[in-house]
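Data block for upload.txt (compact mmCIF, C-alpha atoms):
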# COMPACT_ATOMS: atom_id res chain seq x y z
CA MET A 1 0.00 0.00 0.00
CA GLN A 2 1.44 3.40 -1.02
CA ALA A 3 1.62 6.34 1.37
CA HIS A 4 -0.17 9.50 0.23
CA ASP A 5 2.02 11.53 -2.09
CA PRO A 6 1.13 15.25 -2.54
CA ALA A 7 1.52 14.65 -6.28
CA HIS A 8 -1.61 12.52 -6.05
CA ASP A 9 -3.64 15.65 -5.32
CA SER A 10 -3.17 17.09 -8.79
CA LEU A 11 -3.80 13.65 -10.28
CA LEU A 12 -7.03 13.42 -8.34
CA GLU A 13 -8.05 16.91 -9.44
CA ARG A 14 -7.46 16.00 -13.11
CA VAL A 15 -9.61 12.90 -12.70
CA ILE A 16 -12.41 14.80 -10.97
CA VAL A 17 -12.58 17.57 -13.58
CA GLY A 18 -12.43 14.98 -16.35
CA ASP A 19 -9.03 15.94 -17.77
CA LEU A 20 -7.82 12.43 -17.07
CA PRO A 21 -10.11 9.66 -18.28
CA ARG A 22 -11.13 6.95 -15.84
CA ASP A 23 -9.53 4.36 -18.07
CA ALA A 24 -6.08 5.97 -17.76
CA ALA A 25 -4.74 2.83 -16.14
CA PRO A 26 -1.41 4.02 -14.64
CA ALA A 27 -2.95 7.08 -13.02
CA MET A 28 -5.92 5.20 -11.64
CA ALA A 29 -3.63 2.47 -10.37
CA GLN A 30 -1.60 5.08 -8.48
CA LEU A 31 -4.72 6.50 -6.87
CA ALA A 32 -6.11 3.08 -6.08
CA ALA A 33 -2.88 2.14 -4.35
CA CYS A 34 -3.18 5.09 -1.95
CA ALA A 35 -5.80 4.54 0.75
CA GLN A 36 -6.41 8.27 1.22
CA CYS A 37 -6.88 8.90 -2.51
CA ARG A 38 -9.08 5.86 -2.90
CA GLU A 39 -11.35 7.10 -0.14
CA ARG A 40 -11.45 10.65 -1.51
CA LEU A 41 -12.15 9.41 -5.02
CA ALA A 42 -15.03 7.29 -3.75
CA GLU A 43 -16.44 10.30 -1.87
CA PHE A 44 -16.11 12.52 -4.95
CA ASP A 45 -17.89 9.91 -7.05
CA GLU A 46 -20.71 9.75 -4.52
CA LEU A 47 -20.92 13.55 -4.36
CA GLN A 48 -20.97 13.94 -8.13
CA ALA A 49 -23.71 11.33 -8.34
CA ARG A 50 -25.74 13.24 -5.71
CA LEU A 51 -25.26 16.48 -7.61
CA GLU A 52 -26.39 14.78 -10.82
CA ARG A 53 -29.50 13.42 -9.09
CA ALA A 54 -30.29 16.83 -7.63
CA GLY A 55 -29.75 18.39 -11.06
CA GLU A 56 -32.06 15.87 -12.72
CA GLU A 57 -34.70 16.52 -10.07
CA GLU A 58 -34.41 20.26 -10.58
CA ARG A 59 -34.59 20.04 -14.37
CA ALA A 60 -37.59 17.72 -14.15
CA GLY A 61 -39.28 20.07 -11.69
CA VAL A 62 -38.65 23.12 -13.85
CA ALA A 63 -39.89 21.34 -16.98
CA GLN A 64 -43.00 20.09 -15.18
CA ALA A 65 -43.82 23.60 -13.95
CA ALA A 66 -43.21 25.06 -17.41
CA ALA A 67 -45.55 22.56 -19.02
CA GLY A 68 -48.45 23.37 -16.72
CA GLU A 69 -50.98 26.16 -16.77
CA ALA A 70 -51.53 28.19 -13.62
CA SER A 71 -55.11 28.58 -12.45
CA ALA A 72 -56.90 31.85 -13.13
CA LYS A 73 -56.88 32.53 -9.39
CA ASP A 74 -53.11 32.04 -9.15
CA LYS A 75 -52.55 34.24 -12.19
CA ARG A 76 -54.62 37.04 -10.65
CA ARG A 77 -52.80 36.71 -7.35
CA ILE A 78 -49.38 36.87 -9.01
CA GLU A 79 -50.33 39.83 -11.16
CA GLU A 80 -51.73 41.69 -8.16
CA PHE A 81 -48.60 40.93 -6.15
CA VAL A 82 -46.19 42.11 -8.85
CA ARG A 83 -48.13 45.23 -9.74
CA THR A 84 -48.44 46.23 -6.08
CA ARG A 85 -44.73 45.77 -5.53
CA VAL A 86 -43.79 47.66 -8.68
CA SER A 87 -46.00 50.59 -7.75
CA SER A 88 -44.62 50.72 -4.20
CA GLN A 89 -41.10 50.46 -5.65
CA ASP A 90 -41.90 53.37 -7.97
CA SER A 91 -42.95 55.55 -5.11
CA GLY A 92 -40.02 54.45 -2.98
CA SER A 93 -37.22 54.16 -5.50
CA ARG A 94 -37.05 57.79 -6.49
CA ALA A 95 -35.85 58.78 -3.09
CA PRO A 96 -33.00 56.26 -2.88
CA ARG A 97 -31.82 57.09 -6.38
CA TRP A 98 -31.98 60.77 -5.62
CA ILE A 99 -30.29 60.17 -2.31
CA ALA A 100 -27.59 58.02 -3.88
CA LEU A 101 -26.88 60.79 -6.33
CA ALA A 102 -26.77 63.21 -3.45
CA LEU A 103 -24.34 60.90 -1.69
CA ALA A 104 -22.17 60.74 -4.76
CA ALA A 105 -22.23 64.51 -4.93
CA SER A 106 -21.33 64.65 -1.26
CA LEU A 107 -18.47 62.23 -1.79
CA ALA A 108 -17.21 64.31 -4.67
CA GLY A 109 -17.42 67.24 -2.31
CA VAL A 110 -15.45 65.38 0.32
CA ILE A 111 -12.75 64.48 -2.16
CA ALA A 112 -12.65 68.01 -3.51
CA ALA A 113 -12.54 69.37 0.01
CA ARG A 114 -9.63 67.11 0.83
CA VAL A 115 -7.81 68.24 -2.27
CA PHE A 116 -8.41 71.94 -1.79
CA TRP A 117 -8.49 72.16 1.99
CA PRO A 118 -6.53 70.29 4.60
CA PRO A 119 -8.69 67.83 6.61
CA SER A 120 -8.76 70.20 9.57
CA SER A 121 -10.28 72.94 7.44
CA PRO A 122 -13.87 73.73 8.38
CA GLY A 123 -14.61 73.79 4.65
CA ALA A 124 -14.31 70.00 4.55
CA ALA A 125 -17.49 69.50 6.58
CA ILE A 126 -20.33 68.68 4.21
CA GLU A 127 -23.78 67.98 5.50
CA GLN A 128 -24.78 64.41 4.87
CA PRO A 129 -28.43 63.47 5.28
CA ASP A 130 -29.16 60.31 7.20
CA VAL A 131 -30.77 57.83 4.85
CA LEU A 132 -32.74 54.69 5.46
CA LEU A 133 -33.53 52.36 2.62
CA SER A 134 -36.10 49.95 3.82
CA ASP A 135 -36.34 46.29 2.97
CA GLU A 136 -39.70 44.90 1.88
CA LYS A 137 -40.11 42.82 5.00
CA GLU A 138 -38.61 45.49 7.22
CA GLU A 139 -36.53 42.89 8.97
CA LEU A 140 -33.18 43.73 7.55
CA ARG A 141 -32.94 47.23 6.24
CA GLY A 142 -30.71 48.56 3.58
CA VAL A 143 -27.35 50.11 3.96
CA THR A 144 -27.40 53.47 5.64
CA PRO A 145 -24.49 55.85 5.37
CA LYS A 146 -23.28 56.85 8.78
CA GLY A 147 -21.80 60.10 9.88
CA LYS A 148 -21.74 63.41 8.15
CA THR A 149 -18.78 63.67 5.87
CA HIS A 150 -17.41 60.19 5.30
CA ALA A 151 -20.59 58.45 4.28
CA PHE A 152 -18.94 56.02 1.94
CA GLU A 153 -16.47 54.93 4.57
CA SER A 154 -18.92 53.79 7.16
CA PHE A 155 -22.31 52.12 6.95
CA THR A 156 -24.81 50.80 9.35
CA TRP A 157 -28.02 48.84 8.91
CA ILE A 158 -31.02 47.96 10.97
CA SER A 159 -31.50 44.31 11.68
CA PRO A 160 -32.91 41.91 14.20
CA GLN A 161 -30.45 40.61 16.79
CA LEU A 162 -28.04 38.10 15.27
CA LYS A 163 -28.41 34.56 16.54
CA ALA A 164 -25.46 32.35 17.46
CA GLY A 165 -23.58 31.34 14.34
CA GLU A 166 -24.97 34.17 12.21
CA VAL A 167 -22.96 36.93 10.62
CA TYR A 168 -23.70 39.79 8.27
CA ARG A 169 -22.22 39.46 4.85
CA LEU A 170 -21.58 42.64 2.95
CA THR A 171 -21.02 42.30 -0.77
CA ILE A 172 -19.96 45.13 -3.02
CA THR A 173 -20.30 44.48 -6.73
CA ASN A 174 -19.92 46.34 -9.96
CA ALA A 175 -23.54 47.33 -10.57
CA ALA A 176 -22.98 47.15 -14.31
CA ASP A 177 -21.90 43.52 -14.13
CA THR A 178 -23.35 41.68 -11.18
CA THR A 179 -22.17 38.37 -12.62
CA ALA A 180 -18.54 39.32 -12.09
CA GLU A 181 -16.79 38.38 -8.89
CA PRO A 182 -17.65 40.84 -6.12
CA LEU A 183 -15.20 43.65 -5.47
CA VAL A 184 -15.52 43.16 -1.73
CA ILE A 185 -17.02 40.39 0.40
CA ALA A 186 -16.83 40.88 4.14
CA ASN A 187 -18.28 38.90 7.03
CA ILE A 188 -19.17 41.24 9.85
CA GLU A 189 -20.47 40.53 13.32
CA ARG A 190 -22.04 43.90 14.07
CA ALA A 191 -24.53 45.89 12.05
CA GLU A 192 -21.93 48.33 10.92
CA TRP A 193 -19.17 48.37 8.37
CA ARG A 194 -16.19 50.63 8.37
CA TRP A 195 -14.00 50.72 5.34
CA ALA A 196 -10.85 50.33 7.39
CA ASP A 197 -12.17 47.22 9.15
CA VAL A 198 -11.82 45.02 6.10
CA GLY A 199 -8.31 43.62 6.05
CA ALA A 200 -7.81 43.76 2.32
CA MET A 201 -9.12 47.30 2.13
CA GLN A 202 -6.93 48.79 4.82
CA ALA A 203 -4.32 49.93 2.37
CA ARG A 204 -6.89 51.57 0.13
CA SER A 205 -8.89 54.61 1.03
CA VAL A 206 -12.42 54.97 -0.20
CA ALA A 207 -11.24 57.64 -2.64
CA GLU A 208 -8.60 55.29 -4.07
CA PHE A 209 -11.17 52.52 -4.35
CA LEU A 210 -13.70 54.67 -6.13
CA ALA A 211 -11.05 56.09 -8.42
CA LYS A 212 -10.19 52.64 -9.74
CA GLU A 213 -13.46 50.79 -9.53
CA PRO A 214 -16.58 51.03 -11.71
CA GLN A 215 -18.79 54.06 -12.07
CA GLU A 216 -21.60 52.39 -10.20
CA ILE A 217 -21.19 49.99 -7.33
CA GLU A 218 -23.81 48.13 -5.39
CA TRP A 219 -23.93 47.18 -1.72
CA VAL A 220 -25.91 44.27 -0.39
CA VAL A 221 -26.09 43.08 3.20
CA GLU A 222 -27.27 39.59 4.03
CA ILE A 223 -27.55 37.60 7.22
CA TRP A 224 -25.74 34.32 6.89
CA ASP A 225 -26.71 31.46 9.12
CA VAL A 226 -23.91 28.93 8.84
CA GLY A 227 -23.62 29.96 5.24
CA LYS A 228 -27.33 30.06 4.43
CA ARG A 229 -28.69 33.42 3.36
CA VAL A 230 -31.57 34.14 5.68
CA GLN A 231 -32.44 37.68 4.77
CA ARG A 232 -31.13 40.13 2.30
CA SER A 233 -31.30 43.87 2.18
CA LEU A 234 -32.32 45.58 -0.99
CA PRO A 235 -29.27 46.32 -3.09
CA VAL A 236 -28.14 49.90 -2.72
CA SER A 237 -26.35 51.53 -5.61
CA ALA A 238 -23.99 54.45 -5.56
CA TRP A 239 -22.51 56.35 -8.44
CA ARG A 240 -19.29 58.21 -8.72
CA MET B 1 -37.69 23.56 -22.14
CA LEU B 2 -34.52 24.19 -24.15
CA ARG B 3 -33.23 27.71 -24.13
CA SER B 4 -30.42 29.37 -26.00
CA PRO B 5 -27.66 31.29 -24.16
CA ASP B 6 -29.33 34.50 -25.35
CA ASP B 7 -32.39 33.61 -23.28
CA TYR B 8 -30.42 33.87 -20.06
CA LEU B 9 -29.33 37.35 -21.03
CA SER B 10 -32.94 38.16 -21.93
CA ASP B 11 -34.05 37.04 -18.49
CA LEU B 12 -31.52 39.33 -16.86
CA GLU B 13 -32.70 42.16 -19.10
CA LEU B 14 -36.28 41.36 -18.18
CA VAL B 15 -35.49 41.62 -14.48
CA ARG B 16 -33.57 44.85 -14.95
CA ALA B 17 -36.42 46.32 -16.97
CA LEU B 18 -38.88 45.20 -14.31
CA ARG B 19 -36.85 46.93 -11.64
CA ARG B 20 -37.01 50.06 -13.77
CA GLY B 21 -40.79 49.62 -13.83
CA GLN B 22 -41.18 49.12 -17.60
CA PRO B 23 -44.78 48.01 -18.31
CA GLU B 24 -43.93 45.31 -20.87
CA ALA B 25 -41.43 43.82 -18.41
CA ILE B 26 -44.07 43.74 -15.70
CA ALA B 27 -46.43 41.75 -17.93
CA GLY B 28 -43.62 39.40 -18.98
CA PHE B 29 -42.49 38.86 -15.41
CA VAL B 30 -46.05 38.13 -14.25
CA ARG B 31 -46.34 35.46 -16.95
CA ARG B 32 -43.03 33.92 -15.97
CA MET B 33 -43.96 33.82 -12.28
CA ASN B 34 -46.87 31.52 -13.09
CA CYS B 35 -44.26 28.82 -12.59
CA VAL B 36 -44.26 29.47 -8.82
CA PRO B 37 -47.56 27.78 -7.87
CA LEU B 38 -47.03 25.14 -10.57
CA SER B 39 -43.57 24.29 -9.31
CA LEU B 40 -44.78 24.11 -5.71
CA ALA B 41 -47.70 21.90 -6.64
CA ALA B 42 -45.48 19.58 -8.68
CA GLN B 43 -42.89 19.21 -5.92
CA ASN B 44 -45.59 18.75 -3.32
CA ALA B 45 -47.10 15.96 -5.41
CA ARG B 46 -43.72 14.24 -5.75
CA LEU B 47 -43.35 14.35 -1.95
CA GLY B 48 -46.68 12.63 -1.44
CA ARG B 49 -48.73 15.83 -0.96
CA PRO B 50 -47.66 16.72 2.58
CA LEU B 51 -49.22 20.17 2.09
CA ASN B 52 -52.83 20.93 1.19
CA ASP B 53 -53.99 23.52 -1.38
CA HIS B 54 -54.32 26.22 1.23
CA ASP B 55 -50.76 25.57 2.48
CA ILE B 56 -49.46 25.71 -1.09
CA GLU B 57 -51.16 29.06 -1.61
CA ASP B 58 -49.48 30.41 1.52
CA VAL B 59 -46.07 29.08 0.48
CA SER B 60 -46.61 30.51 -2.99
CA GLN B 61 -47.11 33.95 -1.48
CA GLU B 62 -44.01 33.55 0.69
CA VAL B 63 -41.99 32.53 -2.36
CA LEU B 64 -43.18 35.57 -4.30
CA VAL B 65 -42.08 37.86 -1.46
CA LEU B 66 -38.73 36.09 -1.29
CA ILE B 67 -38.21 36.31 -5.03
CA TRP B 68 -39.11 39.97 -5.04
CA ASN B 69 -36.68 40.70 -2.21
CA LYS B 70 -33.92 38.80 -3.96
CA LEU B 71 -34.48 40.04 -7.49
CA GLY B 72 -31.36 42.16 -7.24
CA SER B 73 -29.26 39.04 -6.85
CA PHE B 74 -30.56 37.44 -10.06
CA ALA B 75 -27.45 37.35 -12.22
CA GLY B 76 -28.90 35.68 -15.32
CA LEU B 77 -26.76 32.56 -14.89
CA SER B 78 -29.83 30.37 -15.28
CA THR B 79 -33.35 30.92 -16.57
CA LEU B 80 -35.75 32.68 -14.27
CA GLU B 81 -37.69 29.43 -13.85
CA THR B 82 -34.60 27.56 -12.66
CA TRP B 83 -33.69 30.38 -10.29
CA VAL B 84 -37.24 30.44 -8.96
CA TYR B 85 -37.30 26.66 -8.57
CA ARG B 86 -34.66 26.83 -5.83
CA PHE B 87 -36.77 29.22 -3.80
CA THR B 88 -39.86 27.07 -4.25
CA SER B 89 -37.93 23.99 -3.24
CA PHE B 90 -36.42 25.67 -0.19
CA GLU B 91 -39.68 27.22 1.01
CA LEU B 92 -41.63 24.02 0.38
CA MET B 93 -39.18 22.07 2.53
CA ASN B 94 -39.46 24.68 5.27
CA ALA B 95 -43.24 24.58 5.13
CA VAL B 96 -43.28 20.78 5.31
CA ARG B 97 -40.93 20.89 8.27
CA ARG B 98 -43.03 23.53 10.00
CA LYS B 99 -46.15 21.51 9.46
CA ARG B 100 -44.52 18.35 10.81
CA THR B 101 -43.28 20.24 13.86
CA ARG B 102 -46.70 21.72 14.54
CA GLN B 103 -48.21 18.30 14.15
CA ARG B 104 -45.71 16.76 16.54
CA VAL B 105 -46.54 19.25 19.26
CA GLY B 106 -50.23 18.67 18.71
CA GLU B 107 -51.16 22.09 17.43
CA LEU B 108 -52.78 20.61 14.38
CA ASP B 109 -55.31 17.91 14.00
CA ALA B 110 -53.75 14.71 12.83
CA ASP B 111 -53.44 14.80 9.07
CA PRO B 112 -52.25 11.50 7.62
CA ALA B 113 -51.42 13.20 4.32
CA VAL B 114 -48.65 15.14 5.98
CA GLN B 115 -46.65 11.96 6.47
CA SER B 116 -44.84 11.80 3.18
CA ALA B 117 -43.37 8.59 1.83
CA PRO B 118 -40.08 7.68 3.53
CA ASP B 119 -38.12 7.70 0.27
CA SER B 120 -39.45 11.18 -0.55
CA ARG B 121 -38.43 12.37 2.89
CA THR B 122 -34.96 10.90 2.48
CA ARG B 123 -34.61 12.52 -0.92
CA LEU B 124 -35.87 15.81 0.47
CA MET B 125 -33.26 15.72 3.23
CA GLU B 126 -30.51 14.72 0.82
CA TYR B 127 -31.17 17.64 -1.48
CA GLU B 128 -31.62 20.02 1.38
CA HIS B 129 -28.20 19.16 2.80
CA LEU B 130 -26.72 19.53 -0.63
CA TYR B 131 -28.37 22.91 -1.26
CA ARG B 132 -27.33 24.18 2.15
CA ALA B 133 -23.77 23.03 1.59
CA LEU B 134 -23.77 24.72 -1.84
CA ASP B 135 -24.89 27.96 -0.21
CA ARG B 136 -21.86 27.82 2.07
CA LEU B 137 -19.42 27.88 -0.84
CA GLU B 138 -17.91 30.94 -2.40
CA PRO B 139 -20.63 32.14 -4.79
CA VAL B 140 -18.58 31.67 -7.93
CA ASP B 141 -17.59 28.11 -6.94
CA ALA B 142 -21.24 27.29 -6.30
CA HIS B 143 -22.20 28.85 -9.66
CA VAL B 144 -19.72 26.61 -11.46
CA ILE B 145 -21.00 23.48 -9.71
CA ARG B 146 -24.63 24.37 -10.41
CA LEU B 147 -23.90 25.11 -14.05
CA LYS B 148 -22.04 21.80 -14.37
CA HIS B 149 -24.48 19.48 -12.66
CA PHE B 150 -27.80 21.30 -12.63
CA GLN B 151 -27.61 22.69 -16.13
CA GLY B 152 -25.33 20.05 -17.60
CA LEU B 153 -22.85 22.52 -19.10
CA SER B 154 -19.31 21.61 -20.10
CA PHE B 155 -16.39 23.52 -18.57
CA GLU B 156 -15.99 25.32 -21.90
CA GLU B 157 -19.61 26.47 -21.74
CA ILE B 158 -19.25 27.43 -18.08
CA GLY B 159 -16.16 29.48 -18.89
CA ALA B 160 -18.05 31.28 -21.64
CA ARG B 161 -21.09 31.87 -19.43
CA LEU B 162 -19.05 33.28 -16.54
CA SER B 163 -16.43 34.98 -18.73
CA ILE B 164 -13.61 33.08 -17.10
CA PRO B 165 -10.93 30.82 -18.64
CA VAL B 166 -11.81 27.13 -18.89
CA ASN B 167 -9.01 26.15 -16.52
CA THR B 168 -10.26 28.65 -13.95
CA ALA B 169 -13.71 27.08 -14.21
CA LYS B 170 -12.14 23.67 -13.55
CA THR B 171 -10.13 24.96 -10.61
CA LYS B 172 -13.18 26.60 -9.07
CA TYR B 173 -15.19 23.43 -9.65
CA TYR B 174 -12.61 21.26 -7.93
CA ARG B 175 -12.23 23.70 -5.06
CA GLY B 176 -16.00 23.77 -4.69
CA VAL B 177 -16.57 20.02 -4.72
CA GLU B 178 -13.68 19.53 -2.33
CA LYS B 179 -15.35 21.92 0.14
CA LEU B 180 -18.74 20.36 -0.47
CA ARG B 181 -17.27 16.96 0.29
CA GLU B 182 -15.87 18.29 3.58
CA PHE B 183 -19.15 19.99 4.56
CA LEU B 184 -21.22 16.91 3.79
CA ARG B 185 -18.81 14.62 5.55
CA LYS B 186 -18.91 16.80 8.65
CA ASN B 187 -22.68 16.89 8.46
CA ALA B 188 -22.84 13.10 8.15
CA ASP B 189 -20.48 12.73 11.13
CA GLU B 190 -22.62 15.09 13.23
CA ASN B 191 -25.79 13.23 12.30
CA ALA B 192 -24.14 9.92 13.09

Give the structure from the file, written as structure tokens.
Amino acid sequence: MQAHDPAHDSLLERVIVGDLPRDAAPAMAQLAACAQCRERLAEFDELQARLERAGEEERAGVAQAAAGEASAKDKRRIEEFVRTRVSSQDSGSRAPRWIALALAASLAGVIAARVFWPPSSPGAAIEQPDVLLSDEKEELRGVTPKGKTHAFESFTWISPQLKAGEVYRLTITNAADTTAEPLVIANIERAEWRWADVGAMQARSVAEFLAKEPQEIEWVVEIWDVGKRVQRSLPVSAWR
Amino acid sequence: MLRSPDDYLSDLELVRALRRGQPEAIAGFVRRMNCVPLSLAAQNARLGRPLNDHDIEDVSQEVLVLIWNKLGSFAGLSTLETWVYRFTSFELMNAVRRKRTRQRVGELDADPAVQSAPDSRTRLMEYEHLYRALDRLEPVDAHVIRLKHFQGLSFEEIGARLSIPVNTAKTKYYRGVEKLREFLRKNADENA
């Protein structure tokens, strides 16, 4: 019986991703001769089979739903729901967009103030309105800039008390491409985020970040319960 | 239902247009959300109908609220129906569990229908563990795994969909399944 060789790891990876066919006898013989690799390979096989079964179930479920016809009652209920939400979004969304633009203007003011006046100058103080962007269920509310002049550097949100094992997850994405990897992901234990708290961001000021990153960025706060998203705030966009 | 890659982009556009309040998007979205009650009813039937029609109506409403609250996270990596399916599945499982719990503590009259077939229950638990473990992964790793196994895409297609090199897709896949394996093993150990 062979002892586990770290070289087996890359061999195993190639087998799992399908780069190495299962009938590649020498490679498979090497893995089979290592108890650790044999066990891992068996677990991967079982996991891939489970994923396939779950995928088949999901595809069958989606196809079954697509083939059916909702009842007239369900259709009315869905239409009423969507139209109500859209109209309440219309009445509510103008304020956040306006506010976000105001924030961007304030940030520009902060940056300009820092350029033209030293930080101690009274001219650097720019009034920043407190903003609350409410979530539909009003359980976890959207990101609220905190403080007067450094709104983009500190945020807070309103949320129920975290339970044991829960954390807030803040995600900042490029609003123009939400499929791209997030610019920032941070797990936070209190309902507040300060730019300088995030390890990777410590070397970069908010002004540096905004100078390099996209024109429009989006913040989302979620509560994670051992990795499961429990609640999510409405995404909040900001423009430079 | 077979869909071309353009359809996924269209779905994302539909959601964006809806969020901008465009009337034609509202009508289109309403039509597409007809899948919510249908999906719940179909899954409920496969589980041996643990929930009655009234329960399904309640869950359907909860799913709509959830979907609406999470619309901003729809990235167009799957069709709207597939994205919605996961919410229906998750909420249905929660509702079944809630109903079983209420029944156990005697708050409900005994309802034999709520006892789903053992194999359905096992399958339900299996998928639930899997979905929960997937949610614990880095989002991009989970995306790759879902695209591979739930949508049956090749790594080349996944790379194209996510705009990442093929080898990166493979690396993320392997990293993801390795973590999944660890999570599920730990879960199995705890249950044992």

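Using only C-alpha atoms, the nearest neighbour of chain B within the list A:Val15, A:Val86, A:Leu41, A:Ala72 is A:Val86.
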
* Considering all atoms listed in the file, extract the chain B residues located within 8 Å of chain A and return them as a PyMOL selection string. => chain B and resi 1+18-19+21+26+30-31+33-39+42-43+64+69-70+72-73+75-77+81-82+85+127+130+132-133+135-137+140+146+149-151+162+170+173-174+177-178+181

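In this comparison, which uses all atoms listed in the file, the residue of B:Leu71, B:Gly28, B:Asn94, B:Arg46 approaching Arg16 (chain B) most closely is B:Leu71.
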
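For the pair CA of Leu180 (chain B) and CA of Val184 (chain A), the separation is 23.1 Å.
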
* Asked: How far is it from CA of Ser60 (chain B) to CA of Ser89 (chain B), in Å with one decimal?
  -> 10.9 Å

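The space between CA of Val167 (chain A) and CA of Trp219 (chain A) spans 16.1 Å.
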
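Neighbours of Leu147 (chain B) closer than or equal to 9 Å, with only C-alpha atoms counted and sequence neighbours fewer than 6 positions away skipped, come out as B:Leu77, B:Ser78, B:Leu153, B:Ser154, B:Phe155, B:Glu157, B:Ile158.
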